[in-house]
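Colleague: Before we start, here is the structure in question, set down as structure tokens.
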Amino acid sequence: MRKINEIIIHCTATPEGRAVSVADVDRWHRQRGFFGIGYHYLVLLDGTVCEGRPLWQVGAHCLEHNTHSIGICYVGGLDRKMQPKDTRTPLQRIALRRLIGSLLRQFPGARVFGHRDFAAKACPCFDAKEEYADLI
């Protein structure tokens, strides 16, 4: 298993309420030249947690951080005018907390970040470090 010290939260940058599947994200990432979905987990609108890449496999979600991180992405992140917005549904919020909590227990010492902490992006459209600070 890889040494994991970061859990990085992302959004799909899709409009609020639009359903997106693992197959959709896989297709988008393949179109960008990846060999498949770059995230390890995708959290759907209804809170379903879907596996993407296996944890043992290096992700493709955050430049210069992929080798030692886990990428989690929730569906949403934009309002209907395509502006950044925290669009997490109540079920996504619950699922994300459970998933992140479980991963922090599995990888003691790992820290939670938002993609925006490492790139000039709004993603995941909320402060992940603050949101999940109590889980650490």
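Residues in the structure tokens are numbered from 1 in each chain, the chains being A, B, ... in the order shown, and ligands are numbered from 1 in the order shown.
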Please extract the residues of chain A with a backbone DSSP assignment of strand (DSSP E) and present them as a list in words.

Modeller: Glu6, Ile7, Ile8, Ile9, His10, Cys11, Thr14, Pro15, Tyr41, Leu42, Val43, Val49, Cys50, Glu51, Ser69, Ile70, Gly71, Ile72, Cys73, Tyr74, Gly77, Leu78, Arg111, Val112, Phe113 and Gly114 of chain A

Colleague: A:Arg88: which residues within 8 Å, counting only C-alpha atoms, same-chain residues fewer than 4 positions away excluded, as a list of chain:residue names?

Modeller: A:Leu45, A:Tyr74, A:Val75, A:Gly76, A:Gly77, A:Gln92, A:Arg93

Colleague: Would you work out the distance separating atom CA of A:Thr67 from atom CA of A:Pro84, expressed in Å to one decimal?

Modeller: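 Distance between the two atoms: 27.4 Å.
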
Colleague: Using only C-alpha atoms, which residue out of A:Val22, A:Ala122, A:Val43, A:Ile72 lies closest to A:Leu55?

Modeller: A:Ile72

Colleague: Could you work out how far atom CA of A:Pro54 lies from atom CA of A:Thr14, giving the answer in Å with one decimal?

Modeller: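 If I compute the distance from atom CA of A:Thr14 to atom CA of A:Pro54, I get 23.8 Å.
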
Colleague: Of the residues A:Gly59, A:Pro124, A:Gly114, A:Gly17, which is the one nearest to A:Arg2, using only C-alpha atoms?

Modeller: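 Looking only at the distances to A:Arg2, the closest residue turns out to be A:Gly59.
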
Colleague: Out of stretch 22-135 of chain A, which residues get alpha helix (DSSP H) from DSSP, as a ChimeraX atom specification?

Modeller: /A:22-31,90-106,128-131

Colleague: Rounded to one decimal in Å, what is the spacing between atom CA of A:Arg97 and atom CA of A:Asp26?

Modeller: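 Result for atom CA of A:Arg97 versus atom CA of A:Asp26: 23.7 Å, one decimal.
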
Colleague: Looking at A:His61, A:Arg53, A:His68, A:Arg30, which one is nearest to A:Lys3, with distances taken over only C-alpha atoms?

Modeller: A:His68

Colleague: Ranking A:Ile100, A:Ile4, A:Ala119, A:Val112 by minimum distance to A:Trp56 and counting only C-alpha atoms, which one comes first?

Modeller: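 Under the stated criterion, the closest residue is A:Ile4.
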
Colleague: Skip A:Ile8 itself and residues of its chain fewer than 6 positions away, then list as an MDAnalysis selection string all residues within 12 Å of it, counting only C-alpha atoms.

Modeller: chainID A and resid 38:41 59:63 65:74 96 100 103:104 110:119 123:124 127:129 132

Colleague: Just want the 6 Å neighbourhood of A:Asp46, counted on only C-alpha atoms, with same-chain residues fewer than 2 positions away dropped. Output as a list of chain:residue names.

Modeller: A:Leu44, A:Thr48, A:Leu91

Colleague: Any chance you could export the current selection's N, CA and C atoms as a PDB file, in the first residue's frame?

Modeller:
```
ATOM      1  N   LEU A  44     -22.036  10.607  -4.793  1.00  0.00           N
ATOM      2  CA  LEU A  44     -23.179  11.015  -5.612  1.00  0.00           C
ATOM      3  C   LEU A  44     -24.141  11.902  -4.827  1.00  0.00           C
ATOM      4  N   THR A  48     -24.459   8.188  -2.036  1.00  0.00           N
ATOM      5  CA  THR A  48     -23.789   6.929  -2.367  1.00  0.00           C
ATOM      6  C   THR A  48     -22.307   7.196  -2.600  1.00  0.00           C
ATOM      7  N   LEU A  91     -27.231  14.518   2.273  1.00  0.00           N
ATOM      8  CA  LEU A  91     -26.730  13.141   2.212  1.00  0.00           C
ATOM      9  C   LEU A  91     -25.259  13.088   1.802  1.00  0.00           C
TER      10      LEU A  91
END
```

Colleague: Excluding A:Phe126 and its own-chain neighbours fewer than 5 positions away, which residues fall within 8 Å of it when counting only C-alpha atoms? Please give them as a list in words.

Modeller: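 In the requested format, the answer is Lys85, Asp86, Gly114 and Glu131 of chain A.
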
Colleague: Find the residues near A:Pro15: any atom within 8 Å, counting only C-alpha atoms, skip ones fewer than 4 places away on the same chain, and give them as a ChimeraX atom specification.

Modeller: /A:76-82

Colleague: Could you save those same residues with N, CA and C atoms as a PDB file, in the first residue's frame?

Modeller:
```pdb
ATOM      1  N   GLY A  76     -21.145  18.002  -7.967  1.00  0.00           N
ATOM      2  CA  GLY A  76     -21.656  19.363  -7.810  1.00  0.00           C
ATOM      3  C   GLY A  76     -20.518  20.362  -7.762  1.00  0.00           C
ATOM      4  N   GLY A  77     -20.788  21.500  -7.107  1.00  0.00           N
ATOM      5  CA  GLY A  77     -19.763  22.521  -6.955  1.00  0.00           C
ATOM      6  C   GLY A  77     -20.033  23.808  -7.712  1.00  0.00           C
ATOM      7  N   LEU A  78     -21.081  23.826  -8.534  1.00  0.00           N
ATOM      8  CA  LEU A  78     -21.430  25.047  -9.263  1.00  0.00           C
ATOM      9  C   LEU A  78     -22.915  25.339  -9.101  1.00  0.00           C
ATOM     10  N   ASP A  79     -23.255  26.638  -9.105  1.00  0.00           N
ATOM     11  CA  ASP A  79     -24.675  26.993  -9.104  1.00  0.00           C
ATOM     12  C   ASP A  79     -25.206  26.914 -10.532  1.00  0.00           C
ATOM     13  N   ARG A  80     -26.431  27.256 -10.716  1.00  0.00           N
ATOM     14  CA  ARG A  80     -27.045  27.127 -12.052  1.00  0.00           C
ATOM     15  C   ARG A  80     -26.477  28.124 -13.066  1.00  0.00           C
ATOM     16  N   LYS A  81     -25.774  29.138 -12.569  1.00  0.00           N
ATOM     17  CA  LYS A  81     -25.110  30.109 -13.455  1.00  0.00           C
ATOM     18  C   LYS A  81     -23.645  29.753 -13.674  1.00  0.00           C
ATOM     19  N   MET A  82     -23.270  28.538 -13.233  1.00  0.00           N
ATOM     20  CA  MET A  82     -21.914  27.997 -13.404  1.00  0.00           C
ATOM     21  C   MET A  82     -20.875  28.742 -12.565  1.00  0.00           C
TER      22      MET A  82
END
```
